[in-house]
Amino acid sequence: MVAKSTNKNGSDQLTQDAKVRKNELPISFDVKLSHRIKAASPLTLISSITLFCIGVCVVTLSIAGHINPLWLASLMSIFGSVSTMIGLYQIYELLSERSELDNLYKEAIKRVINAQN
């Protein structure tokens with residue numbers, strides 16, 4: 001830290017204080033999100049985003065009337081809706097914060113299984 005002190009001559013000078021505070025910066029939401037994305041499989045993330053986008057496109061085409069037989073449009077709309085829901089659920093699972101207790105349980109089960117082998 002820099003502190004202001006006065007000399008014997010009356011002039012002010014800046015001195016460096018030996019006490020330096022080491023405050024830990026709180027981890028922001030972006031950092032937590034990037035850690036979760038890095039921990040996830042990139043293939044799963046790409047496939048879930050693709051599944052969501054294709055589902056939305058199919059539902060949009062069905063509603064807009066670009067698929068001619070009505071029965072085919074209704075089936076495509078149903079499958080597009082299901083695909084959109086599955087894609088959103090996968091994205092949620094990838095980016096949601098897991099509780100520490102669940103992670104501890106999983107690690108304990110892995111240790112027990114490895115110890116038995």
# chains A, B, ... in the order shown; residues from 1 in each chain; ligands from 1

$ residues_around --residues "Met76 (chain A)" --least-positions-apart "6" --cutoff "10 Å" --atoms "only C-alpha atoms" --output "list of chain:residue names"
A:Gly55, A:Val58, A:Val59, A:Leu61, A:Ser62, A:Ile63, A:Ile67, A:Leu70, A:Val82

$ closest_residue --among "A:Leu51, A:Gly65, A:Tyr92, A:Lys106" --to "Gly80 (chain A)" --atoms "only C-alpha atoms"
A:Leu51

$ residues_around --residues "Tyr89 (chain A)" --least-positions-apart "5" --cutoff "10 Å" --atoms "only C-alpha atoms" --output "list of chain:residue names"
A:Ser48, A:Phe52, A:Ser83, A:Thr84, A:Leu94, A:Leu95
